[in-house]
Amino acid sequence: ALDRPKAEIAKLLGVSRQTLYDVLNEKQPVTPGMALRFGKLCGNGPNLWLNLQKRYDLHRAEQELGDSLKKIPTLKVA
């Protein structure tokens with residue numbers, strides 16, 4: 001979407017190409033530091049990037065827990 005080679009994006013971010021590739025290929029999470037870098041580069045701030053990572057992490061955890069999560073009851077507050 002930025003219409004630039006990934007190597008150039010990595011250089012602009014101040015990270016290695018491998019780091020950028022790992023984040024893009026879901027091998028590394030978007031850390032707060034990387035969120036700051038992405039947010040600055042794209043002009044949309046770090047919160048978007050951290051929220052995307054959080055949603056991804058929750059989705060993956062829900063998939064991994066699967067049926068065992070369904071077996072946990074929800075307690076009602078009196």
# chains A, B, ... in the order shown; residues from 1 in each chain; ligands from 1
>>> residues_around(residues="Gln18 of chain A", least_positions_apart="4", cutoff="10 Å", atoms="only C-alpha atoms", output="JSON list (two decimals) with all heavy atoms, in the first residue's frame")
[["chain", "number", "residue", "atom", "x", "y", "z"],
["A", 6, "LYS", "N", 10.01, -3.33, 0.11],
["A", 6, "LYS", "CA", 10.12, -3.66, 1.54],
["A", 6, "LYS", "C", 11.49, -3.29, 2.10],
["A", 6, "LYS", "O", 11.59, -2.86, 3.24],
["A", 6, "LYS", "CB", 9.81, -5.12, 1.76],
["A", 6, "LYS", "CG", 8.36, -5.45, 1.54],
["A", 6, "LYS", "CD", 8.09, -6.93, 1.68],
["A", 6, "LYS", "CE", 6.67, -7.24, 1.29],
["A", 6, "LYS", "NZ", 6.47, -8.64, 1.05],
["A", 7, "ALA", "N", 12.52, -3.44, 1.29],
["A", 7, "ALA", "CA", 13.86, -3.08, 1.75],
["A", 7, "ALA", "C", 13.94, -1.59, 2.07],
["A", 7, "ALA", "O", 14.57, -1.18, 3.05],
["A", 7, "ALA", "CB", 14.90, -3.45, 0.70],
["A", 10, "ALA", "N", 12.02, -0.97, 5.34],
["A", 10, "ALA", "CA", 12.84, -1.38, 6.49],
["A", 10, "ALA", "C", 13.88, -0.30, 6.81],
["A", 10, "ALA", "O", 14.08, 0.04, 7.98],
["A", 10, "ALA", "CB", 13.51, -2.72, 6.20],
["A", 22, "ASP", "N", 9.84, -10.63, 9.10],
["A", 22, "ASP", "CA", 9.33, -11.47, 10.18],
["A", 22, "ASP", "C", 8.01, -10.92, 10.73],
["A", 22, "ASP", "O", 7.09, -11.69, 11.02],
["A", 22, "ASP", "CB", 10.35, -11.61, 11.30],
["A", 22, "ASP", "CG", 11.51, -12.52, 10.93],
["A", 22, "ASP", "OD1", 11.44, -13.21, 9.89],
["A", 22, "ASP", "OD2", 12.52, -12.53, 11.67],
["A", 23, "VAL", "N", 7.91, -9.62, 10.86],
["A", 23, "VAL", "CA", 6.65, -9.03, 11.34],
["A", 23, "VAL", "C", 5.56, -9.24, 10.30],
["A", 23, "VAL", "O", 4.44, -9.66, 10.62],
["A", 23, "VAL", "CB", 6.83, -7.53, 11.66],
["A", 23, "VAL", "CG1", 5.48, -6.87, 11.94],
["A", 23, "VAL", "CG2", 7.75, -7.35, 12.86],
["A", 24, "LEU", "N", 5.87, -8.98, 9.05],
["A", 24, "LEU", "CA", 4.88, -9.13, 7.98],
["A", 24, "LEU", "C", 4.43, -10.57, 7.80],
["A", 24, "LEU", "O", 3.28, -10.83, 7.42],
["A", 24, "LEU", "CB", 5.43, -8.57, 6.66],
["A", 24, "LEU", "CG", 5.70, -7.07, 6.64],
["A", 24, "LEU", "CD1", 6.36, -6.68, 5.32],
["A", 24, "LEU", "CD2", 4.44, -6.28, 6.88]]
>>> select_by_dssp(residues="chain A", states="helix (DSSP H, G or I)", output="mmCIF file with C-alpha atoms, in the first residue's frame")
data_model
loop_
_atom_site.group_PDB
_atom_site.id
_atom_site.type_symbol
_atom_site.label_atom_id
_atom_site.label_comp_id
_atom_site.auth_asym_id
_atom_site.auth_seq_id
_atom_site.Cartn_x
_atom_site.Cartn_y
_atom_site.Cartn_z
ATOM 1 C CA LYS A 6 10.116 -3.655 1.537
ATOM 2 C CA ALA A 7 13.859 -3.079 1.750
ATOM 3 C CA GLU A 8 13.282 0.673 1.511
ATOM 4 C CA ILE A 9 10.522 0.512 4.130
ATOM 5 C CA ALA A 10 12.843 -1.376 6.491
ATOM 6 C CA LYS A 11 15.517 1.269 5.987
ATOM 7 C CA LEU A 12 13.043 4.082 6.643
ATOM 8 C CA LEU A 13 11.899 2.297 9.817
ATOM 9 C CA ARG A 17 14.837 -6.299 6.285
ATOM 10 C CA GLN A 18 14.630 -9.579 8.176
ATOM 11 C CA THR A 19 12.856 -7.903 11.094
ATOM 12 C CA LEU A 20 10.315 -6.336 8.765
ATOM 13 C CA TYR A 21 9.789 -9.601 6.887
ATOM 14 C CA ASP A 22 9.330 -11.467 10.177
ATOM 15 C CA VAL A 23 6.651 -9.031 11.335
ATOM 16 C CA LEU A 24 4.877 -9.130 7.980
ATOM 17 C CA PRO A 32 5.467 -1.216 21.161
ATOM 18 C CA GLY A 33 8.698 -0.027 19.545
ATOM 19 C CA MET A 34 7.701 -1.341 16.149
ATOM 20 C CA ALA A 35 4.223 0.164 16.587
ATOM 21 C CA LEU A 36 5.834 3.543 17.195
ATOM 22 C CA ARG A 37 7.896 3.125 14.033
ATOM 23 C CA PHE A 38 4.933 2.000 11.882
ATOM 24 C CA GLY A 39 2.740 4.729 13.324
ATOM 25 C CA LYS A 40 5.291 7.423 12.584
ATOM 26 C CA LEU A 41 5.980 6.168 9.066
ATOM 27 C CA CYS A 42 2.303 5.799 8.155
ATOM 28 C CA PRO A 46 1.114 3.481 17.360
ATOM 29 C CA ASN A 47 -2.282 2.616 18.865
ATOM 30 C CA LEU A 48 -3.663 1.240 15.616
ATOM 31 C CA TRP A 49 -0.729 -1.141 15.286
ATOM 32 C CA LEU A 50 -0.860 -2.274 18.915
ATOM 33 C CA ASN A 51 -4.619 -2.818 18.690
ATOM 34 C CA LEU A 52 -4.199 -4.903 15.542
ATOM 35 C CA GLN A 53 -1.588 -7.030 17.315
ATOM 36 C CA LYS A 54 -3.829 -7.413 20.369
ATOM 37 C CA ARG A 55 -6.784 -8.527 18.225
ATOM 38 C CA TYR A 56 -4.572 -11.003 16.392
ATOM 39 C CA ASP A 57 -3.182 -12.387 19.662
ATOM 40 C CA LEU A 58 -6.668 -12.801 21.160
ATOM 41 C CA HIS A 59 -7.950 -14.514 18.025
ATOM 42 C CA ARG A 60 -5.037 -16.955 18.019
ATOM 43 C CA ALA A 61 -5.424 -17.676 21.744
ATOM 44 C CA GLU A 62 -9.150 -18.318 21.282
ATOM 45 C CA GLN A 63 -8.386 -20.769 18.468
ATOM 46 C CA GLU A 64 -5.738 -22.549 20.542
ATOM 47 C CA LEU A 65 -7.926 -22.840 23.631
ATOM 48 C CA GLY A 66 -10.921 -23.969 21.584
ATOM 49 C CA ASP A 67 -13.231 -26.328 23.467
ATOM 50 C CA SER A 68 -11.410 -25.961 26.780
ATOM 51 C CA LEU A 69 -12.429 -22.299 26.837
ATOM 52 C CA LYS A 70 -16.073 -23.269 26.299
#
>>> atom_distance(atom1="atom CA of Asn44 of chain A", atom2="atom CA of Lys27 of chain A")
23.2 Å
